[in-house]
Amino acid sequence: MKQTPFPRTQVGGISVSRFIIGSNWMAGYSHRSDAADQMIKEHHCAPQTMYPMFDTFMEHGIDTVMAPFGMLPHIYQAVMDTSERWGKEMILIDTPVINVDNTKEGRKEAEATIRECARRGAKICLIHHYSAEQLVDKNKRCMHRLDDYTKMIRDAGMEPGLSAHMPELVVYSDENGYDVETYIQIYNCMGFLMQVEIESVNAIIQNAKKPVMVIKAMAAGRTTPFVGLNFAWATIRDCDMITVGCFNEREAAEDIEISRAALERRGVNLAKRNSPAKNQTVLAAAGRNSSDSAKQE
């Protein structure tokens, strides 16, 4: 049965899927352990290992992917191959680390890095938090020389944005009217890697002048997809997005179903988990899908 395309939103006039394909669990950035990092890298050692997962996303109209593509050529190749196989361009959100030294050489290097993003086909370019946070002046509530880099992004033909691990970046950007079309913001029910309280970050997202791309919704595996995704979808706006990292096509399918159910305000249709006590009443009930439950009421 043909799937209804996943809901979409707009970033600077570009239509993107609200579910964004993340790259950490293809690149080996687990935020858990070296062993987990190596497991990911060993599994996703070539573009072909990612094809089934990307196909699952494309089947649901999820065509937007975020990564620092210049650092991850095998993921970039997998995206290009998927676009060719499907005959449909995927939307690339690039998050480059750039040189923000206030020198002629630094600006030249930054411009070259940004132009490489455009050459790879990125439509949206968000300055990586490592670089962006070097420009922050908390005393003056501003980001020095940010306009230099957003202009480079505009001149290269992309929509500019900020990877704002520091939540203040969203506030300072909005206050100063910087040329930014979207933000990345860490946000999850565990408070994992968040620099202030969950409630404060929620208020920043709710009041942001531009759409926000939420990352680490499952706190890098510290909460289940059901809990993490339901919390995030329930507490962001209709214009906002969630970036979700998956290890394989089965995880992708589960996360898509959980997300669809959350947005459609219905029960989730997932297979029950394995257990040695398969006939426990609670486990058996958990295995019924939402349509079965509705028929019995």
# chains A, B, ... in the order shown; residues from 1 in each chain; ligands from 1
call {"tool": "closest_atom_pairs", "arguments": {"of": "stretch 177-206 of chain A", "to": "stretch 136-151 of chain A", "cutoff": "9 Å", "atoms": "only C-alpha atoms", "output": "Markdown table"}}
result
| residue | atom | partner | partner_atom | distance |
| --- | --- | --- | --- | --- |
| A:Tyr178 | CA | A:Asp147 | CA | 6.7 |
| A:Asp179 | CA | A:Thr150 | CA | 6.4 |
| A:Val180 | CA | A:Thr150 | CA | 7.2 |
call {"tool": "residues_around", "arguments": {"residues": "A:Asp101", "least_positions_apart": "6", "cutoff": "10 Å", "atoms": "only C-alpha atoms", "output": "ChimeraX atom specification"}}
result
/A:107-110,131,134-135
call {"tool": "write_last_selection", "arguments": {"atoms": "C-alpha atoms", "output": "mmCIF file, in the first residue's frame"}}
result
data_model
loop_
_atom_site.group_PDB
_atom_site.id
_atom_site.type_symbol
_atom_site.label_atom_id
_atom_site.label_comp_id
_atom_site.auth_asym_id
_atom_site.auth_seq_id
_atom_site.Cartn_x
_atom_site.Cartn_y
_atom_site.Cartn_z
ATOM 1 C CA ARG A 107 37.676 34.122 5.887
ATOM 2 C CA LYS A 108 39.082 32.717 2.657
ATOM 3 C CA GLU A 109 39.123 29.222 4.127
ATOM 4 C CA ALA A 110 35.581 29.617 5.498
ATOM 5 C CA SER A 131 32.363 27.238 14.882
ATOM 6 C CA GLN A 134 33.289 30.901 18.959
ATOM 7 C CA LEU A 135 31.485 34.038 17.807
#
call {"tool": "closest_residue", "arguments": {"among": "A:Phe54, A:Tyr130, A:Phe226, A:Trp86", "to": "A:Asn99", "atoms": "only C-alpha atoms"}}
result
A:Tyr130
call {"tool": "atom_distance", "arguments": {"atom1": "atom CA of A:Glu181", "atom2": "atom CA of A:Pro5"}}
result
23.8 Å
call {"tool": "residues_around", "arguments": {"residues": "A:Phe19", "least_positions_apart": "2", "cutoff": "7 Å", "atoms": "only C-alpha atoms", "output": "compact mmCIF listing (two decimals) with all heavy atoms, in the first residue's frame"}}
result
# COMPACT_ATOMS: atom_id res chain seq x y z
N SER A 17 10.94 17.61 4.76
CA SER A 17 10.15 16.72 5.60
C SER A 17 10.41 17.07 7.06
O SER A 17 11.53 17.39 7.44
CB SER A 17 10.52 15.25 5.32
OG SER A 17 11.91 15.04 5.41
N ILE A 21 16.47 12.94 8.40
CA ILE A 21 17.36 11.81 8.59
C ILE A 21 18.66 12.31 9.20
O ILE A 21 19.37 13.14 8.61
CB ILE A 21 17.65 11.12 7.25
CG1 ILE A 21 16.35 10.73 6.55
CG2 ILE A 21 18.55 9.90 7.46
CD1 ILE A 21 16.53 10.38 5.08
N ILE A 62 10.18 10.84 3.24
CA ILE A 62 11.19 11.50 4.07
C ILE A 62 12.46 11.61 3.24
O ILE A 62 13.18 10.63 3.03
CB ILE A 62 11.43 10.71 5.37
CG1 ILE A 62 10.16 10.68 6.21
CG2 ILE A 62 12.59 11.29 6.16
CD1 ILE A 62 10.19 9.75 7.40
N MET A 241 10.94 20.66 13.20
CA MET A 241 11.36 19.36 12.69
C MET A 241 12.10 18.58 13.77
O MET A 241 12.61 19.16 14.71
CB MET A 241 12.27 19.54 11.48
CG MET A 241 11.62 20.27 10.31
SD MET A 241 12.78 21.44 9.51
CE MET A 241 12.64 22.87 10.59
N ILE A 242 12.18 17.26 13.57
CA ILE A 242 12.99 16.41 14.45
C ILE A 242 13.99 15.64 13.59
O ILE A 242 13.61 15.01 12.60
CB ILE A 242 12.13 15.42 15.25
CG1 ILE A 242 11.13 16.17 16.14
CG2 ILE A 242 13.02 14.52 16.10
CD1 ILE A 242 10.23 15.26 16.97
N THR A 243 15.25 15.72 13.96
CA THR A 243 16.29 14.98 13.28
C THR A 243 16.52 13.67 14.03
O THR A 243 16.81 13.69 15.22
CB THR A 243 17.59 15.80 13.23
OG1 THR A 243 17.32 17.07 12.63
CG2 THR A 243 18.66 15.08 12.42
call {"tool": "select_by_dssp", "arguments": {"residues": "stretch 113-243 of chain A", "states": "strand (DSSP E)", "output": "PyMOL selection string"}}
result
chain A and resi 124-127+136-137+142-143+159-163+182-186+212-215+241-243
call {"tool": "write_last_selection", "arguments": {"atoms": "N, CA and C atoms", "output": "compact mmCIF listing (two decimals), in the first residue's frame"}}
result
# COMPACT_ATOMS: atom_id res chain seq x y z
N ILE A 124 20.50 23.86 2.32
CA ILE A 124 20.51 24.58 3.59
C ILE A 124 21.87 24.34 4.24
N CYS A 125 22.48 25.41 4.75
CA CYS A 125 23.80 25.31 5.36
C CYS A 125 23.76 25.92 6.75
N LEU A 126 23.96 25.08 7.75
CA LEU A 126 23.95 25.54 9.14
C LEU A 126 25.36 25.48 9.69
N ILE A 127 25.89 26.62 10.11
CA ILE A 127 27.23 26.67 10.66
C ILE A 127 27.30 25.77 11.90
N VAL A 136 30.22 33.90 19.90
CA VAL A 136 29.24 34.37 20.88
C VAL A 136 29.87 35.33 21.89
N ASP A 137 29.16 36.41 22.15
CA ASP A 137 29.53 37.37 23.19
C ASP A 137 28.34 37.48 24.13
N CYS A 142 25.31 39.01 21.59
CA CYS A 142 25.43 39.05 20.13
C CYS A 142 26.41 37.98 19.66
N MET A 143 26.53 37.86 18.34
CA MET A 143 27.50 36.97 17.72
C MET A 143 28.32 37.79 16.73
N GLU A 159 20.39 28.44 1.87
CA GLU A 159 19.70 29.09 2.98
C GLU A 159 20.56 28.95 4.23
N PRO A 160 20.81 30.06 4.96
CA PRO A 160 21.69 29.99 6.14
C PRO A 160 20.96 29.61 7.42
N GLY A 161 21.68 28.92 8.30
CA GLY A 161 21.14 28.58 9.60
C GLY A 161 22.24 28.41 10.61
N LEU A 162 21.86 28.12 11.86
CA LEU A 162 22.81 27.97 12.95
C LEU A 162 22.58 26.65 13.68
N SER A 163 23.65 25.90 13.90
CA SER A 163 23.58 24.77 14.81
C SER A 163 23.81 25.32 16.21
N THR A 182 16.84 29.05 9.97
CA THR A 182 16.47 27.92 10.82
C THR A 182 17.56 27.69 11.86
N TYR A 183 17.21 26.93 12.89
CA TYR A 183 18.15 26.60 13.96
C TYR A 183 18.16 25.10 14.21
N ILE A 184 19.31 24.58 14.64
CA ILE A 184 19.39 23.26 15.26
C ILE A 184 19.43 23.49 16.77
N GLN A 185 18.65 22.71 17.51
CA GLN A 185 18.66 22.85 18.96
C GLN A 185 18.54 21.48 19.62
N ILE A 186 19.42 21.19 20.58
CA ILE A 186 19.31 19.95 21.37
C ILE A 186 18.06 20.04 22.24
N VAL A 212 12.68 25.41 13.96
CA VAL A 212 13.77 24.78 14.72
C VAL A 212 13.86 23.30 14.36
N MET A 213 15.10 22.84 14.17
CA MET A 213 15.37 21.43 13.92
C MET A 213 15.87 20.81 15.22
N VAL A 214 15.04 20.03 15.87
CA VAL A 214 15.39 19.40 17.14
C VAL A 214 16.32 18.22 16.88
N ILE A 215 17.36 18.09 17.71
CA ILE A 215 18.25 16.94 17.61
C ILE A 215 18.35 16.22 18.95
N MET A 241 10.94 20.66 13.20
CA MET A 241 11.36 19.36 12.69
C MET A 241 12.10 18.58 13.77
N ILE A 242 12.18 17.26 13.57
CA ILE A 242 12.99 16.41 14.45
C ILE A 242 13.99 15.64 13.59
N THR A 243 15.25 15.72 13.96
CA THR A 243 16.29 14.98 13.28
C THR A 243 16.52 13.67 14.03
call {"tool": "select_by_dssp", "arguments": {"residues": "stretch 20-179 of chain A", "states": "helix (DSSP H, G or I)", "output": "ChimeraX atom specification"}}
result
/A:24-27,34-43,47-59,69-71,73-86,104-120,129-135,146-155,168-176
call {"tool": "write_last_selection", "arguments": {"atoms": "C-alpha atoms", "output": "mmCIF file, in the first residue's frame"}}
result
data_model
loop_
_atom_site.group_PDB
_atom_site.id
_atom_site.type_symbol
_atom_site.label_atom_id
_atom_site.label_comp_id
_atom_site.auth_asym_id
_atom_site.auth_seq_id
_atom_site.Cartn_x
_atom_site.Cartn_y
_atom_site.Cartn_z
ATOM 1 C CA ASN A 24 25.295 10.036 13.891
ATOM 2 C CA TRP A 25 24.207 6.395 13.798
ATOM 3 C CA MET A 26 25.693 5.993 10.335
ATOM 4 C CA ALA A 27 28.884 7.947 11.055
ATOM 5 C CA ASP A 34 33.982 3.713 21.841
ATOM 6 C CA ALA A 35 32.646 0.182 21.414
ATOM 7 C CA ALA A 36 29.340 1.548 20.111
ATOM 8 C CA ASP A 37 31.165 3.957 17.795
ATOM 9 C CA GLN A 38 33.229 1.118 16.357
ATOM 10 C CA MET A 39 30.153 -1.104 15.932
ATOM 11 C CA ILE A 40 28.507 1.612 13.842
ATOM 12 C CA LYS A 41 31.603 2.235 11.747
ATOM 13 C CA GLU A 42 32.136 -1.465 11.088
ATOM 14 C CA HIS A 43 28.520 -1.924 10.006
ATOM 15 C CA PRO A 47 27.400 3.422 1.016
ATOM 16 C CA GLN A 48 25.609 0.175 0.157
ATOM 17 C CA THR A 49 24.990 -0.661 3.831
ATOM 18 C CA MET A 50 22.736 2.405 4.083
ATOM 19 C CA TYR A 51 20.585 1.765 1.008
ATOM 20 C CA PRO A 52 17.815 -0.237 2.789
ATOM 21 C CA MET A 53 17.468 2.450 5.457
ATOM 22 C CA PHE A 54 17.346 5.303 2.947
ATOM 23 C CA ASP A 55 14.823 3.359 0.863
ATOM 24 C CA THR A 56 12.587 3.037 3.941
ATOM 25 C CA PHE A 57 12.702 6.775 4.465
ATOM 26 C CA MET A 58 11.986 7.532 0.804
ATOM 27 C CA GLU A 59 8.985 5.178 0.829
ATOM 28 C CA PHE A 69 28.853 15.835 4.493
ATOM 29 C CA GLY A 70 32.406 17.017 3.846
ATOM 30 C CA MET A 71 33.586 14.849 6.743
ATOM 31 C CA PRO A 73 31.980 10.993 2.106
ATOM 32 C CA HIS A 74 30.463 7.498 2.371
ATOM 33 C CA ILE A 75 27.201 8.913 3.722
ATOM 34 C CA TYR A 76 27.184 11.593 1.037
ATOM 35 C CA GLN A 77 27.667 8.897 -1.606
ATOM 36 C CA ALA A 78 24.804 6.850 -0.144
ATOM 37 C CA VAL A 79 22.531 9.896 -0.401
ATOM 38 C CA MET A 80 23.583 10.557 -4.004
ATOM 39 C CA ASP A 81 23.086 6.915 -4.928
ATOM 40 C CA THR A 82 19.632 6.903 -3.328
ATOM 41 C CA SER A 83 18.642 10.033 -5.220
ATOM 42 C CA GLU A 84 19.727 8.432 -8.483
ATOM 43 C CA ARG A 85 17.986 5.131 -7.780
ATOM 44 C CA TRP A 86 14.737 6.851 -6.844
ATOM 45 C CA LYS A 104 41.996 37.268 5.616
ATOM 46 C CA GLU A 105 43.185 33.667 5.521
ATOM 47 C CA GLY A 106 40.466 32.519 7.907
ATOM 48 C CA ARG A 107 37.676 34.122 5.887
ATOM 49 C CA LYS A 108 39.082 32.717 2.657
ATOM 50 C CA GLU A 109 39.123 29.222 4.127
ATOM 51 C CA ALA A 110 35.581 29.617 5.498
ATOM 52 C CA GLU A 111 34.294 30.757 2.125
ATOM 53 C CA ALA A 112 35.944 27.807 0.395
ATOM 54 C CA THR A 113 34.365 25.363 2.871
ATOM 55 C CA ILE A 114 30.925 26.912 2.369
ATOM 56 C CA ARG A 115 31.249 26.792 -1.413
ATOM 57 C CA GLU A 116 32.081 23.111 -1.151
ATOM 58 C CA CYS A 117 28.751 22.578 0.631
ATOM 59 C CA ALA A 118 26.974 24.214 -2.294
ATOM 60 C CA ARG A 119 28.991 22.206 -4.806
ATOM 61 C CA ARG A 120 27.816 19.000 -3.113
ATOM 62 C CA HIS A 129 28.021 24.692 16.700
ATOM 63 C CA TYR A 130 31.782 24.300 17.215
ATOM 64 C CA SER A 131 32.363 27.238 14.882
ATOM 65 C CA ALA A 132 29.275 29.310 15.690
ATOM 66 C CA GLU A 133 29.867 29.292 19.434
ATOM 67 C CA GLN A 134 33.289 30.901 18.959
ATOM 68 C CA LEU A 135 31.485 34.038 17.807
ATOM 69 C CA LEU A 146 28.027 36.181 11.996
ATOM 70 C CA ASP A 147 26.706 38.261 9.101
ATOM 71 C CA ASP A 148 29.987 37.657 7.249
ATOM 72 C CA TYR A 149 29.329 33.923 7.191
ATOM 73 C CA THR A 150 25.593 34.011 6.503
ATOM 74 C CA LYS A 151 26.368 36.250 3.517
ATOM 75 C CA MET A 152 28.871 33.681 2.264
ATOM 76 C CA ILE A 153 26.124 31.058 2.511
ATOM 77 C CA ARG A 154 23.635 33.279 0.658
ATOM 78 C CA ASP A 155 26.196 34.100 -2.016
ATOM 79 C CA GLU A 168 21.401 31.443 23.720
ATOM 80 C CA LEU A 169 22.314 31.407 20.035
ATOM 81 C CA VAL A 170 18.643 31.236 19.075
ATOM 82 C CA VAL A 171 17.813 34.149 21.385
ATOM 83 C CA TYR A 172 20.739 36.329 20.287
ATOM 84 C CA SER A 173 20.076 35.651 16.615
ATOM 85 C CA ASP A 174 16.415 36.599 16.917
ATOM 86 C CA GLU A 175 17.195 39.691 18.994
ATOM 87 C CA ASN A 176 19.752 40.966 16.505
#
call {"tool": "closest_residue", "arguments": {"among": "A:Arg32, A:Pro276, A:Gly267, A:Asp63", "to": "A:Phe192", "atoms": "only C-alpha atoms"}}
result
A:Arg32
call {"tool": "residues_around", "arguments": {"residues": "A:Leu193", "least_positions_apart": "6", "cutoff": "10 Å", "atoms": "only C-alpha atoms", "output": "number ranges by chain"}}
result
A: 31, 165-166, 186-187, 216, 219-220
call {"tool": "write_last_selection", "arguments": {"atoms": "N, CA and C atoms", "output": "short mmCIF file (atom, residue, chain, number, x, y, z; two decimals), in the first residue's frame"}}
result
data_model
loop_
_atom_site.label_atom_id
_atom_site.label_comp_id
_atom_site.auth_asym_id
_atom_site.auth_seq_id
_atom_site.Cartn_x
_atom_site.Cartn_y
_atom_site.Cartn_z
N HIS A 31 27.62 8.80 21.04
CA HIS A 31 27.46 9.47 22.34
C HIS A 31 27.26 8.45 23.46
N HIS A 165 23.81 24.53 19.72
CA HIS A 165 23.82 23.71 20.93
C HIS A 165 23.67 24.59 22.16
N MET A 166 24.26 25.77 22.13
CA MET A 166 23.99 26.78 23.17
C MET A 166 22.63 27.41 22.86
N ILE A 186 19.42 21.19 20.58
CA ILE A 186 19.31 19.95 21.37
C ILE A 186 18.06 20.04 22.24
N TYR A 187 17.25 18.95 22.20
CA TYR A 187 16.00 18.98 22.97
C TYR A 187 15.54 17.55 23.18
N LYS A 216 18.77 14.97 18.90
CA LYS A 216 18.95 14.12 20.09
C LYS A 216 17.65 13.92 20.87
N ALA A 219 17.90 11.20 23.27
CA ALA A 219 19.03 11.34 24.19
C ALA A 219 20.10 10.29 23.92
N ALA A 220 20.38 10.06 22.63
CA ALA A 220 21.39 9.08 22.22
C ALA A 220 21.14 7.71 22.86
#
call {"tool": "atom_distance", "arguments": {"atom1": "atom CA of A:Thr223", "atom2": "atom CA of A:Val268"}}
result
17.0 Å
call {"tool": "atom_distance", "arguments": {"atom1": "atom CA of A:Gly157", "atom2": "atom CA of A:Val11"}}
result
14.0 Å
call {"tool": "residues_around", "arguments": {"residues": "A:Pro225", "least_positions_apart": "4", "cutoff": "12 Å", "atoms": "only C-alpha atoms", "output": "PyMOL selection string"}}
result
chain A and resi 188-189+216-221+229-233+244-246+251-259+262+268+270
call {"tool": "write_last_selection", "arguments": {"atoms": "C-alpha atoms", "output": "mmCIF file, in the first residue's frame"}}
result
data_model
loop_
_atom_site.group_PDB
_atom_site.id
_atom_site.type_symbol
_atom_site.label_atom_id
_atom_site.label_comp_id
_atom_site.auth_asym_id
_atom_site.auth_seq_id
_atom_site.Cartn_x
_atom_site.Cartn_y
_atom_site.Cartn_z
ATOM 1 C CA ASN A 188 14.927 15.794 24.743
ATOM 2 C CA CYS A 189 12.949 14.579 27.737
ATOM 3 C CA LYS A 216 18.952 14.116 20.086
ATOM 4 C CA ALA A 217 15.259 13.548 20.788
ATOM 5 C CA MET A 218 16.057 10.077 22.162
ATOM 6 C CA ALA A 219 19.033 11.337 24.192
ATOM 7 C CA ALA A 220 21.392 9.079 22.220
ATOM 8 C CA GLY A 221 19.538 5.947 23.323
ATOM 9 C CA LEU A 229 9.700 10.954 20.018
ATOM 10 C CA ASN A 230 6.281 11.343 21.636
ATOM 11 C CA PHE A 231 7.679 13.981 23.999
ATOM 12 C CA ALA A 232 9.376 15.897 21.211
ATOM 13 C CA TRP A 233 6.485 15.845 18.731
ATOM 14 C CA VAL A 244 16.385 11.243 13.971
ATOM 15 C CA GLY A 245 19.401 8.962 13.747
ATOM 16 C CA CYS A 246 18.803 5.290 12.917
ATOM 17 C CA GLU A 251 14.779 1.174 13.419
ATOM 18 C CA ALA A 252 13.796 3.635 10.706
ATOM 19 C CA ALA A 253 10.420 1.955 10.196
ATOM 20 C CA GLU A 254 9.708 1.929 13.947
ATOM 21 C CA ASP A 255 10.663 5.590 14.396
ATOM 22 C CA ILE A 256 8.527 6.606 11.429
ATOM 23 C CA GLU A 257 5.503 4.706 12.807
ATOM 24 C CA ILE A 258 5.952 6.196 16.281
ATOM 25 C CA SER A 259 6.228 9.663 14.747
ATOM 26 C CA ALA A 262 2.201 10.904 17.599
ATOM 27 C CA VAL A 268 1.181 3.121 17.731
ATOM 28 C CA LEU A 270 4.481 -1.875 16.603
#
